[in-house]
Amino acid sequence: MARPKVVESIKEAARREADLPQSHVARFGPESPLKLDCGISLSPYQVAYKTYGTLNADKSNAVLVTHALTGDQHVANEHPVTGKPGWWETMVGPGLPIDTTRYFVICSNVLGGCMGTTGPSSMNSATGRPWGVDFPLVTIPDIVRAQAALIDHLGIDQLFAVIGGSMGGMQVLEWAASYPDKVFAAMPIATAAKHSAQNIAFHEVGRQAVMADPEWHGGRYLEHNAVPRKGLAVARMAAHITYLSEAALQRKFGRELQDRERPTFTFDADFQVESYLRHQGSSFVERFDANSYLYVTRAMDYYDLAADHGGVLANAFKGTKTRFCVMGFTSDWLFPTSDSRAIVHALNAAAANVSFVEIESDKGHDAFLLDEPEFFATARGFLAGAGKARGLPEAEG
Amino acid sequence: MVSPRMVREGAPMRAEFAPVVETARPDHLLMAEMIQRGARVLDVGCGDGQLLRLLVSRKNVDGRGIELSQSGVNNSVAHGLSVIQGDADKDLDQYPDDAFDYVILSQTLQATRHPRAVMENLLRIGRRAVVSVPNFGHWRMRMQLLALGRMPVTKTLPETWYDTQNIHLCTIRDFVDLCDEVGAHIERAVALDVSGRPVGLRLPWWFWNLFGAQAVFLLSRG
């Protein structure tokens, strides 16, 4: 079995990226602790981030891209662990909707993540061991607070736009609610202002799978030189189904068999869809930390923006000057467009400047990461309109 | 359940930002004239955003739109307008009082399920409302009904009775009555003939009701 070798390579790559990532790092010492919602002050901590494009002289063209649950700061460059292209190379780059020749694009790894921002796989300087499950529970507002510290550190007073899908969209909403003066335009995509019971339920299945794996070692697997591979892979497989749609699964796989003429009458991966999910699971554990998966899913579960504003979502956006473009995809059942509508209703009730576009797609939740021309055209149009209002030079051509 | 469609005849989908001046419809120009520069405007049933673009370019308004058809919304947003997908019957309730200086309802009232409630909402959300309605009292309509005994089909209302989304058609006089009922004060009213030219300004209502193909009203709370 090649397993020890794999553990070794994960250990190397993950350990390296967790503390010394191949990206910029902003370090915050004891003088600037991060006050977390759970009551703990986190210090020291660091935020790993990538930038693309150039900040203009009056620092008015900065765009913060916020990543989803298993994303990271490597939006538009080769991933340092997997060698794969950036996760949003359809959206971010020269001439693309988030045009890096016009905007200074920033993306940071979330707090609790495993790609260089402080999280459970980072070294706890107080103990000299990885944090593991001693790491405090973090929330979406905590994640945004760490990003705000980074933006301050970069000397940027106002972001031209904050853009993100899924959990990234939750961060966009949180930015707009908590730092309204720092967000000129906001684009929350395929997201919700609160995590639904169904979504919490799926996350719980994932977490229980990780924790049921004996290799999890009560969350101290790094010190045991182990990885809860099976648990994390199952968590990913279950979650991955929720990112697709029945139509997309049917179109991609149907009941096709994997490299065989007939069923084997075993529990081997006879069907292509099984093989695909197994591959998704096993490749995920190569790059993602199991504890990070627990922490970041928990952050999403806890998110309820209205609850933080007296139970009325509109109050979160009272008096906002931010321009919003809310987008959802018709076949997304993880964050259905009714969730987008709830955000839009609240923004209307706050008399905010809001656009709402529902994109016809059968690709499910993942549509925001895929080639959807109408989605790109909308993003482009919205950003062009906002850019004009902000006084940014218009795009050439 | 059939939900009312916001039909904007004569406003075909445009693939790109068309120069506003050449394409402006006479009723749009008239509405633009009624709206103050720099105002906050909500266009309910904004189609592909043609009127909003005119208002932004001519009157520098802070414009928003609601449109039922998804293609109209997407096209508007792709052109930098702030538009949401929504319905005059269902989605006006969410807006707070006095959110806008003007709320526009152009050629849409007759397609709503509850015109009276929509009118009340317009006057609640906006300090003023600009409403245009097709006139079912136009002589051509009357002629068709009288002479042929059939539901009228005209240039202004080109659909047959079984295809039309216009479930609450009215005459100019009917609309004036509704304004009374919802306590709307008519600040200005202009009837337009079939080609979009104003019908003599100082003529009485009955004349407008016979010769106006549509009428545009500037309303405020009475």
# chains A, B, ... in the order shown; residues from 1 in each chain; ligands from 1
$ residues_around --residues "segment 280-282 of chain A" --least-positions-apart "4" --cutoff "9 Å" --atoms "only C-alpha atoms" --output "PDB file with C-alpha atoms, in the first residue's frame"
ATOM      1  CA  ARG A 229      -8.658  10.179   4.988  1.00  0.00           C
ATOM      2  CA  LYS A 230     -11.703   7.998   4.842  1.00  0.00           C
ATOM      3  CA  LEU A 232     -12.933  13.377   5.128  1.00  0.00           C
ATOM      4  CA  ALA A 233     -13.397  11.668   1.753  1.00  0.00           C
ATOM      5  CA  VAL A 234     -16.912  10.544   2.711  1.00  0.00           C
ATOM      6  CA  ALA A 235     -17.695  14.065   3.918  1.00  0.00           C
ATOM      7  CA  ARG A 236     -16.557  15.451   0.592  1.00  0.00           C
ATOM      8  CA  MET A 237     -18.488  12.870  -1.412  1.00  0.00           C
ATOM      9  CA  ALA A 238     -21.736  13.674   0.380  1.00  0.00           C
ATOM     10  CA  HIS A 240     -20.242  17.169  -3.561  1.00  0.00           C
ATOM     11  CA  SER A 275     -16.139   6.370  -9.417  1.00  0.00           C
ATOM     12  CA  TYR A 276     -16.441  10.124  -9.856  1.00  0.00           C
ATOM     13  CA  GLU A 286      -4.763  15.500  -0.635  1.00  0.00           C
TER      14      GLU A 286
END
$ interface_residues --of "chain B" --to "chain A" --cutoff "8 Å" --atoms "only C-alpha atoms" --output "PyMOL selection string"
chain B and resi 64+70+73-75+77-85+94-96+99
$ residues_around --residues "Ala186 of chain A" --least-positions-apart "2" --cutoff "8 Å" --atoms "only C-alpha atoms" --output "NGL selection string"
:A and (161-163 or 172-173 or 176 or 183-184 or 188 or 322-325)
$ residues_around --residues "Val56 of chain B" --least-positions-apart "5" --cutoff "12 Å" --atoms "only C-alpha atoms" --output "PDB file with C-alpha atoms, in the first residue's frame"
ATOM      1  CA  GLY A 385     -21.916  50.423 -13.989  1.00  0.00           C
ATOM      2  CA  ALA A 389     -20.314  55.528 -10.508  1.00  0.00           C
TER       3      ALA A 389
ATOM      4  CA  VAL B  20     -31.013  56.664 -26.410  1.00  0.00           C
ATOM      5  CA  ALA B  32     -38.843  62.105 -18.758  1.00  0.00           C
ATOM      6  CA  ILE B  35     -39.354  63.910 -13.752  1.00  0.00           C
ATOM      7  CA  GLN B  36     -36.955  66.213 -11.959  1.00  0.00           C
ATOM      8  CA  ARG B  37     -33.242  66.014 -12.582  1.00  0.00           C
ATOM      9  CA  GLY B  38     -31.311  63.834 -10.144  1.00  0.00           C
ATOM     10  CA  ALA B  39     -34.435  62.261  -8.616  1.00  0.00           C
ATOM     11  CA  ARG B  40     -34.665  58.759  -7.141  1.00  0.00           C
ATOM     12  CA  VAL B  41     -36.843  56.788  -9.524  1.00  0.00           C
ATOM     13  CA  LEU B  42     -38.343  53.301  -9.489  1.00  0.00           C
ATOM     14  CA  ASP B  43     -39.637  52.007 -12.826  1.00  0.00           C
ATOM     15  CA  GLY B  49     -34.600  49.283 -19.247  1.00  0.00           C
ATOM     16  CA  GLN B  50     -35.167  51.607 -22.208  1.00  0.00           C
ATOM     17  CA  LEU B  51     -36.940  54.294 -20.175  1.00  0.00           C
ATOM     18  CA  VAL B  61     -31.673  60.091 -12.067  1.00  0.00           C
ATOM     19  CA  ASP B  62     -30.781  57.449  -9.498  1.00  0.00           C
ATOM     20  CA  GLY B  63     -32.842  54.793 -11.238  1.00  0.00           C
ATOM     21  CA  ARG B  64     -34.027  51.342 -10.222  1.00  0.00           C
ATOM     22  CA  GLY B  65     -36.286  48.903 -11.957  1.00  0.00           C
ATOM     23  CA  HIS B  79     -26.084  47.319 -19.092  1.00  0.00           C
ATOM     24  CA  GLY B  80     -25.310  48.657 -15.659  1.00  0.00           C
ATOM     25  CA  LEU B  81     -28.880  49.375 -14.512  1.00  0.00           C
ATOM     26  CA  SER B  82     -30.108  48.355 -11.059  1.00  0.00           C
TER      27      SER B  82
END
$ residues_around --residues "Gln171 of chain A" --least-positions-apart "2" --cutoff "12 Å" --atoms "only C-alpha atoms" --output "PyMOL selection string"
chain A and resi 64-69+108+110-111+139-148+162-169+173-179+183+186-189+191-194+299-300+303-305
$ write_last_selection --atoms "C-alpha atoms" --output "short mmCIF file (atom, residue, chain, number, x, y, z; two decimals), in the first residue's frame"
data_model
loop_
_atom_site.label_atom_id
_atom_site.label_comp_id
_atom_site.auth_asym_id
_atom_site.auth_seq_id
_atom_site.Cartn_x
_atom_site.Cartn_y
_atom_site.Cartn_z
CA LEU A 64 -11.85 41.51 -2.51
CA VAL A 65 -12.80 38.04 -3.67
CA THR A 66 -14.07 35.85 -0.84
CA HIS A 67 -13.76 32.13 -1.25
CA ALA A 68 -16.16 29.27 -0.58
CA LEU A 69 -15.92 26.45 1.98
CA SER A 108 -7.24 35.73 1.35
CA VAL A 110 -10.30 32.29 5.52
CA LEU A 111 -9.66 32.19 9.23
CA THR A 139 -17.75 32.52 12.65
CA ILE A 140 -18.37 34.27 9.33
CA PRO A 141 -18.14 37.67 11.10
CA ASP A 142 -14.77 36.55 12.58
CA ILE A 143 -13.57 35.55 9.12
CA VAL A 144 -14.58 38.98 7.79
CA ARG A 145 -12.92 40.73 10.75
CA ALA A 146 -9.63 39.05 9.84
CA GLN A 147 -10.09 40.16 6.22
CA ALA A 148 -10.81 43.72 7.39
CA VAL A 162 -16.49 42.47 -2.51
CA ILE A 163 -17.43 39.44 -4.56
CA GLY A 164 -17.96 35.82 -3.62
CA GLY A 165 -20.16 32.78 -4.07
CA SER A 166 -21.63 30.34 -1.55
CA MET A 167 -19.81 30.83 1.76
CA GLY A 168 -17.96 33.59 -0.08
CA GLY A 169 -21.35 35.25 -0.57
CA LEU A 173 -23.14 40.12 3.00
CA GLU A 174 -21.26 40.34 6.27
CA TRP A 175 -18.84 42.90 4.80
CA ALA A 176 -21.73 45.01 3.53
CA ALA A 177 -23.51 44.82 6.89
CA SER A 178 -20.52 45.35 9.17
CA TYR A 179 -18.40 47.72 7.09
CA VAL A 183 -17.78 48.45 0.43
CA ALA A 186 -21.19 43.96 -3.32
CA MET A 187 -21.87 40.87 -5.37
CA PRO A 188 -23.20 37.98 -3.27
CA ILE A 189 -23.64 34.94 -5.52
CA THR A 191 -25.70 32.39 -1.18
CA ALA A 192 -27.97 33.05 1.78
CA ALA A 193 -28.13 35.36 4.76
CA LYS A 194 -28.51 32.28 6.94
CA ALA A 299 -18.81 28.85 10.70
CA MET A 300 -21.36 28.52 7.89
CA TYR A 303 -24.32 32.23 10.11
CA ASP A 304 -27.58 34.11 10.52
CA LEU A 305 -27.22 37.75 9.57
#
$ residues_around --residues "Val190 of chain B" --least-positions-apart "4" --cutoff "7 Å" --atoms "only C-alpha atoms" --output "PyMOL selection string"
chain B and resi 198+201+215-217
$ select_by_dssp --residues "segment 31-74 of chain B" --states "helix (DSSP H, G or I)" --output "compact mmCIF listing (two decimals) with C-alpha atoms, in the first residue's frame"
# COMPACT_ATOMS: atom_id res chain seq x y z
CA MET B 31 -42.44 60.96 -18.82
CA ALA B 32 -38.84 62.10 -18.76
CA GLU B 33 -40.10 65.66 -18.97
CA MET B 34 -42.27 65.12 -15.88
CA GLN B 50 -35.17 51.61 -22.21
CA LEU B 51 -36.94 54.29 -20.18
CA LEU B 52 -34.51 53.99 -17.28
CA ARG B 53 -31.58 54.50 -19.62
CA LEU B 54 -33.27 57.57 -21.06
CA LEU B 55 -33.84 58.94 -17.55
CA VAL B 56 -30.27 58.22 -16.47
CA SER B 57 -28.80 59.89 -19.54
CA ARG B 58 -31.22 62.86 -19.81
CA LYS B 59 -32.14 63.50 -16.21
CA GLN B 70 -35.95 37.42 -16.54
CA SER B 71 -34.44 38.25 -19.92
CA GLY B 72 -35.41 41.90 -19.46
CA VAL B 73 -33.80 41.96 -16.02
CA ASN B 74 -30.59 40.28 -17.09
$ select_by_dssp --residues "chain B" --states "strand (DSSP E)" --output "mmCIF file with N, CA and C atoms, in the first residue's frame"
data_model
loop_
_atom_site.group_PDB
_atom_site.id
_atom_site.type_symbol
_atom_site.label_atom_id
_atom_site.label_comp_id
_atom_site.auth_asym_id
_atom_site.auth_seq_id
_atom_site.Cartn_x
_atom_site.Cartn_y
_atom_site.Cartn_z
ATOM 1 N N ARG B 40 -34.706 60.221 -7.350
ATOM 2 C CA ARG B 40 -34.665 58.759 -7.141
ATOM 3 C C ARG B 40 -35.919 58.178 -7.768
ATOM 4 N N VAL B 41 -35.722 57.266 -8.704
ATOM 5 C CA VAL B 41 -36.843 56.788 -9.524
ATOM 6 C C VAL B 41 -36.914 55.267 -9.512
ATOM 7 N N LEU B 42 -38.115 54.736 -9.342
ATOM 8 C CA LEU B 42 -38.343 53.301 -9.489
ATOM 9 C C LEU B 42 -39.272 53.083 -10.678
ATOM 10 N N ASP B 43 -38.813 52.318 -11.659
ATOM 11 C CA ASP B 43 -39.637 52.007 -12.826
ATOM 12 C C ASP B 43 -40.188 50.590 -12.652
ATOM 13 N N VAL B 44 -41.488 50.503 -12.424
ATOM 14 C CA VAL B 44 -42.117 49.200 -12.186
ATOM 15 C C VAL B 44 -42.570 48.621 -13.525
ATOM 16 N N ASP B 62 -31.228 58.665 -10.166
ATOM 17 C CA ASP B 62 -30.781 57.449 -9.498
ATOM 18 C C ASP B 62 -31.908 56.432 -9.743
ATOM 19 N N GLY B 63 -31.728 55.609 -10.756
ATOM 20 C CA GLY B 63 -32.842 54.793 -11.238
ATOM 21 C C GLY B 63 -32.759 53.333 -10.842
ATOM 22 N N ARG B 64 -33.908 52.780 -10.513
ATOM 23 C CA ARG B 64 -34.027 51.342 -10.222
ATOM 24 C C ARG B 64 -35.196 50.797 -11.024
ATOM 25 N N GLY B 65 -35.180 49.489 -11.214
ATOM 26 C CA GLY B 65 -36.286 48.903 -11.957
ATOM 27 C C GLY B 65 -36.751 47.592 -11.372
ATOM 28 N N ILE B 66 -38.010 47.272 -11.646
ATOM 29 C CA ILE B 66 -38.556 45.935 -11.365
ATOM 30 C C ILE B 66 -39.104 45.418 -12.677
ATOM 31 N N GLU B 67 -38.817 44.187 -12.982
ATOM 32 C CA GLU B 67 -39.309 43.634 -14.237
ATOM 33 C C GLU B 67 -39.623 42.156 -14.024
ATOM 34 N N SER B 82 -29.770 49.118 -12.264
ATOM 35 C CA SER B 82 -30.108 48.355 -11.059
ATOM 36 C C SER B 82 -31.532 47.860 -11.179
ATOM 37 N N VAL B 83 -31.679 46.608 -11.528
ATOM 38 C CA VAL B 83 -33.002 46.058 -11.792
ATOM 39 C C VAL B 83 -33.143 44.713 -11.080
ATOM 40 N N ILE B 84 -34.324 44.485 -10.518
ATOM 41 C CA ILE B 84 -34.572 43.180 -9.909
ATOM 42 C C ILE B 84 -35.752 42.515 -10.599
ATOM 43 N N GLN B 85 -35.764 41.193 -10.492
ATOM 44 C CA GLN B 85 -36.886 40.454 -11.028
ATOM 45 C C GLN B 85 -38.008 40.521 -10.010
ATOM 46 N N PHE B 100 -38.818 56.554 -2.803
ATOM 47 C CA PHE B 100 -38.434 57.153 -4.085
ATOM 48 C C PHE B 100 -39.128 58.508 -4.275
ATOM 49 N N ASP B 101 -38.515 59.335 -5.115
ATOM 50 C CA ASP B 101 -39.158 60.592 -5.483
ATOM 51 C C ASP B 101 -40.280 60.323 -6.484
ATOM 52 N N TYR B 102 -40.011 59.385 -7.401
ATOM 53 C CA TYR B 102 -41.023 59.038 -8.398
ATOM 54 C C TYR B 102 -41.077 57.521 -8.560
ATOM 55 N N VAL B 103 -42.292 57.017 -8.680
ATOM 56 C CA VAL B 103 -42.442 55.618 -9.098
ATOM 57 C C VAL B 103 -43.185 55.639 -10.430
ATOM 58 N N ILE B 104 -42.618 54.958 -11.402
ATOM 59 C CA ILE B 104 -43.193 54.953 -12.746
ATOM 60 C C ILE B 104 -43.898 53.628 -13.004
ATOM 61 N N LEU B 105 -45.064 53.715 -13.609
ATOM 62 C CA LEU B 105 -45.763 52.504 -14.031
ATOM 63 C C LEU B 105 -46.224 52.773 -15.457
ATOM 64 N N SER B 106 -45.464 52.274 -16.397
ATOM 65 C CA SER B 106 -45.724 52.616 -17.787
ATOM 66 C C SER B 106 -46.386 51.447 -18.505
ATOM 67 N N GLY B 126 -43.563 56.192 -3.526
ATOM 68 C CA GLY B 126 -43.027 57.385 -4.170
ATOM 69 C C GLY B 126 -43.765 58.626 -3.709
ATOM 70 N N ARG B 127 -43.041 59.735 -3.676
ATOM 71 C CA ARG B 127 -43.714 61.000 -3.379
ATOM 72 C C ARG B 127 -44.645 61.367 -4.540
ATOM 73 N N ARG B 128 -44.221 60.961 -5.728
ATOM 74 C CA ARG B 128 -45.065 61.151 -6.907
ATOM 75 C C ARG B 128 -45.079 59.855 -7.719
ATOM 76 N N ALA B 129 -46.119 59.706 -8.513
ATOM 77 C CA ALA B 129 -46.182 58.563 -9.412
ATOM 78 C C ALA B 129 -46.393 59.072 -10.833
ATOM 79 N N VAL B 130 -45.753 58.408 -11.775
ATOM 80 C CA VAL B 130 -45.975 58.712 -13.187
ATOM 81 C C VAL B 130 -46.562 57.439 -13.803
ATOM 82 N N VAL B 131 -47.809 57.543 -14.256
ATOM 83 C CA VAL B 131 -48.510 56.346 -14.722
ATOM 84 C C VAL B 131 -49.017 56.576 -16.138
ATOM 85 N N SER B 132 -48.759 55.616 -17.008
ATOM 86 C CA SER B 132 -49.393 55.700 -18.322
ATOM 87 C C SER B 132 -50.305 54.497 -18.505
ATOM 88 N N VAL B 133 -51.470 54.750 -19.085
ATOM 89 C CA VAL B 133 -52.431 53.663 -19.329
ATOM 90 C C VAL B 133 -52.935 53.730 -20.766
ATOM 91 N N PRO B 134 -53.108 52.569 -21.392
ATOM 92 C CA PRO B 134 -53.747 52.565 -22.706
ATOM 93 C C PRO B 134 -55.234 52.887 -22.512
ATOM 94 N N ALA B 184 -55.427 60.191 -5.163
ATOM 95 C CA ALA B 184 -54.306 60.741 -5.917
ATOM 96 C C ALA B 184 -54.682 62.094 -6.511
ATOM 97 N N HIS B 185 -53.790 63.038 -6.387
ATOM 98 C CA HIS B 185 -54.005 64.347 -6.987
ATOM 99 C C HIS B 185 -53.334 64.361 -8.363
ATOM 100 N N ILE B 186 -54.096 64.702 -9.408
ATOM 101 C CA ILE B 186 -53.523 64.717 -10.753
ATOM 102 C C ILE B 186 -52.825 66.060 -10.979
ATOM 103 N N GLU B 187 -51.494 66.024 -10.948
ATOM 104 C CA GLU B 187 -50.741 67.262 -11.150
ATOM 105 C C GLU B 187 -50.690 67.625 -12.629
ATOM 106 N N ARG B 188 -50.628 66.580 -13.440
ATOM 107 C CA ARG B 188 -50.543 66.818 -14.866
ATOM 108 C C ARG B 188 -51.077 65.594 -15.590
ATOM 109 N N ALA B 189 -51.737 65.791 -16.712
ATOM 110 C CA ALA B 189 -52.199 64.662 -17.516
ATOM 111 C C ALA B 189 -52.076 65.044 -18.986
ATOM 112 N N VAL B 190 -51.600 64.106 -19.772
ATOM 113 C CA VAL B 190 -51.476 64.347 -21.210
ATOM 114 C C VAL B 190 -51.977 63.105 -21.935
ATOM 115 N N ALA B 191 -52.894 63.315 -22.891
ATOM 116 C CA ALA B 191 -53.319 62.185 -23.717
ATOM 117 C C ALA B 191 -52.498 62.198 -24.998
ATOM 118 N N LEU B 192 -52.112 61.001 -25.440
ATOM 119 C CA LEU B 192 -51.331 60.886 -26.680
ATOM 120 C C LEU B 192 -52.171 60.148 -27.713
ATOM 121 N N GLN B 214 -53.496 56.634 -25.464
ATOM 122 C CA GLN B 214 -53.029 56.397 -24.105
ATOM 123 C C GLN B 214 -52.934 57.744 -23.400
ATOM 124 N N ALA B 215 -52.794 57.699 -22.077
ATOM 125 C CA ALA B 215 -52.613 58.948 -21.344
ATOM 126 C C ALA B 215 -51.526 58.758 -20.304
ATOM 127 N N VAL B 216 -50.805 59.846 -20.071
ATOM 128 C CA VAL B 216 -49.722 59.827 -19.084
ATOM 129 C C VAL B 216 -50.099 60.791 -17.960
ATOM 130 N N PHE B 217 -50.012 60.309 -16.732
ATOM 131 C CA PHE B 217 -50.410 61.113 -15.569
ATOM 132 C C PHE B 217 -49.237 61.309 -14.612
ATOM 133 N N LEU B 218 -49.122 62.540 -14.125
ATOM 134 C CA LEU B 218 -48.213 62.797 -13.008
ATOM 135 C C LEU B 218 -49.091 62.970 -11.778
ATOM 136 N N LEU B 219 -48.898 62.064 -10.799
ATOM 137 C CA LEU B 219 -49.780 62.041 -9.629
ATOM 138 C C LEU B 219 -49.006 62.325 -8.352
ATOM 139 N N SER B 220 -49.701 62.919 -7.405
ATOM 140 C CA SER B 220 -49.124 63.023 -6.062
ATOM 141 C C SER B 220 -50.224 62.658 -5.074
ATOM 142 N N ARG B 221 -49.843 62.520 -3.804
ATOM 143 C CA ARG B 221 -50.863 62.174 -2.802
ATOM 144 C C ARG B 221 -51.786 63.364 -2.616
#
$ atom_distance --atom1 "atom CA of Arg15 of chain A" --atom2 "atom CA of Ile200 of chain A"
28.9 Å
$ closest_residue --among "B:Gly183, B:Gly196, B:Gly149, B:Pro204" --to "Gly222 of chain B" --atoms "only C-alpha atoms"
B:Gly183
$ residues_around --residues "Ser23 of chain A" --least-positions-apart "5" --cutoff "12 Å" --atoms "only C-alpha atoms" --output "mmCIF file with N, CA and C atoms, in the first residue's frame"
data_model
loop_
_atom_site.group_PDB
_atom_site.id
_atom_site.type_symbol
_atom_site.label_atom_id
_atom_site.label_comp_id
_atom_site.auth_asym_id
_atom_site.auth_seq_id
_atom_site.Cartn_x
_atom_site.Cartn_y
_atom_site.Cartn_z
ATOM 1 N N ARG A 16 3.486 22.660 5.246
ATOM 2 C CA ARG A 16 4.206 23.811 4.694
ATOM 3 C C ARG A 16 3.223 24.969 4.451
ATOM 4 N N GLU A 17 2.106 24.653 3.763
ATOM 5 C CA GLU A 17 1.155 25.713 3.417
ATOM 6 C C GLU A 17 0.472 26.294 4.654
ATOM 7 N N ALA A 18 0.264 25.464 5.681
ATOM 8 C CA ALA A 18 -0.450 25.936 6.867
ATOM 9 C C ALA A 18 0.311 27.051 7.571
ATOM 10 N N GLN A 46 -2.209 35.051 11.556
ATOM 11 C CA GLN A 46 -1.746 35.519 10.255
ATOM 12 C C GLN A 46 -2.810 35.293 9.191
ATOM 13 N N VAL A 47 -2.738 36.123 8.139
ATOM 14 C CA VAL A 47 -3.673 35.999 7.023
ATOM 15 C C VAL A 47 -2.854 35.831 5.747
ATOM 16 N N ALA A 48 -3.075 34.710 5.054
ATOM 17 C CA ALA A 48 -2.369 34.445 3.796
ATOM 18 C C ALA A 48 -3.226 34.952 2.645
ATOM 19 N N TYR A 49 -2.616 35.646 1.714
ATOM 20 C CA TYR A 49 -3.421 36.224 0.628
ATOM 21 C C TYR A 49 -2.633 36.317 -0.661
ATOM 22 N N LYS A 50 -3.369 36.383 -1.754
ATOM 23 C CA LYS A 50 -2.789 36.592 -3.083
ATOM 24 C C LYS A 50 -3.361 37.894 -3.628
ATOM 25 N N THR A 51 -2.594 38.561 -4.466
ATOM 26 C CA THR A 51 -3.135 39.725 -5.169
ATOM 27 C C THR A 51 -2.842 39.580 -6.662
ATOM 28 N N TYR A 52 -3.697 40.210 -7.449
ATOM 29 C CA TYR A 52 -3.551 40.206 -8.913
ATOM 30 C C TYR A 52 -3.834 41.620 -9.396
ATOM 31 N N ASP A 72 -9.607 28.692 -1.516
ATOM 32 C CA ASP A 72 -8.476 29.319 -0.842
ATOM 33 C C ASP A 72 -8.095 30.571 -1.608
ATOM 34 N N GLN A 73 -6.931 31.138 -1.268
ATOM 35 C CA GLN A 73 -6.527 32.412 -1.878
ATOM 36 C C GLN A 73 -6.061 32.269 -3.331
ATOM 37 N N HIS A 74 -5.871 31.044 -3.783
ATOM 38 C CA HIS A 74 -5.325 30.834 -5.128
ATOM 39 C C HIS A 74 -6.430 30.864 -6.185
ATOM 40 N N VAL A 75 -6.985 32.061 -6.389
ATOM 41 C CA VAL A 75 -8.127 32.266 -7.288
ATOM 42 C C VAL A 75 -7.734 32.039 -8.731
ATOM 43 N N ASN A 77 -4.309 31.392 -10.003
ATOM 44 C CA ASN A 77 -2.952 30.893 -10.279
ATOM 45 C C ASN A 77 -2.905 29.406 -9.952
ATOM 46 N N GLU A 78 -1.877 28.760 -10.418
ATOM 47 C CA GLU A 78 -1.734 27.326 -10.176
ATOM 48 C C GLU A 78 -1.710 27.046 -8.677
ATOM 49 N N HIS A 79 -2.445 26.036 -8.274
ATOM 50 C CA HIS A 79 -2.515 25.714 -6.853
ATOM 51 C C HIS A 79 -1.192 25.105 -6.376
ATOM 52 N N PRO A 80 -0.616 25.623 -5.280
ATOM 53 C CA PRO A 80 0.711 25.139 -4.871
ATOM 54 C C PRO A 80 0.735 23.684 -4.408
ATOM 55 N N ILE A 106 -7.796 41.052 -4.564
ATOM 56 C CA ILE A 106 -7.204 40.464 -3.357
ATOM 57 C C ILE A 106 -8.052 39.252 -2.983
ATOM 58 N N CYS A 107 -7.405 38.156 -2.632
ATOM 59 C CA CYS A 107 -8.152 37.033 -2.063
ATOM 60 C C CYS A 107 -7.340 36.447 -0.928
ATOM 61 N N SER A 108 -7.966 36.296 0.211
ATOM 62 C CA SER A 108 -7.244 35.733 1.351
ATOM 63 C C SER A 108 -7.884 34.423 1.772
ATOM 64 N N ASN A 109 -7.056 33.562 2.307
ATOM 65 C CA ASN A 109 -7.545 32.313 2.886
ATOM 66 C C ASN A 109 -8.343 32.658 4.150
ATOM 67 N N MET A 115 -4.635 26.965 4.369
ATOM 68 C CA MET A 115 -3.678 27.350 3.336
ATOM 69 C C MET A 115 -2.849 28.572 3.754
ATOM 70 N N GLY A 116 -2.670 28.752 5.044
ATOM 71 C CA GLY A 116 -1.749 29.778 5.489
ATOM 72 C C GLY A 116 -2.336 30.811 6.423
ATOM 73 N N THR A 117 -3.661 30.978 6.398
ATOM 74 C CA THR A 117 -4.288 31.810 7.431
ATOM 75 C C THR A 117 -4.464 30.935 8.660
#
$ closest_residue --among "A:Ser283, A:Thr266, A:Ser292, A:Thr100" --to "Thr118 of chain A" --atoms "only C-alpha atoms"
A:Ser292
$ atom_distance --atom1 "atom CA of Gly219 of chain A" --atom2 "atom CA of Gly132 of chain A"
5.7 Å
$ atom_distance --atom1 "atom CA of Ser340 of chain A" --atom2 "atom CA of Gly328 of chain A"
6.2 Å
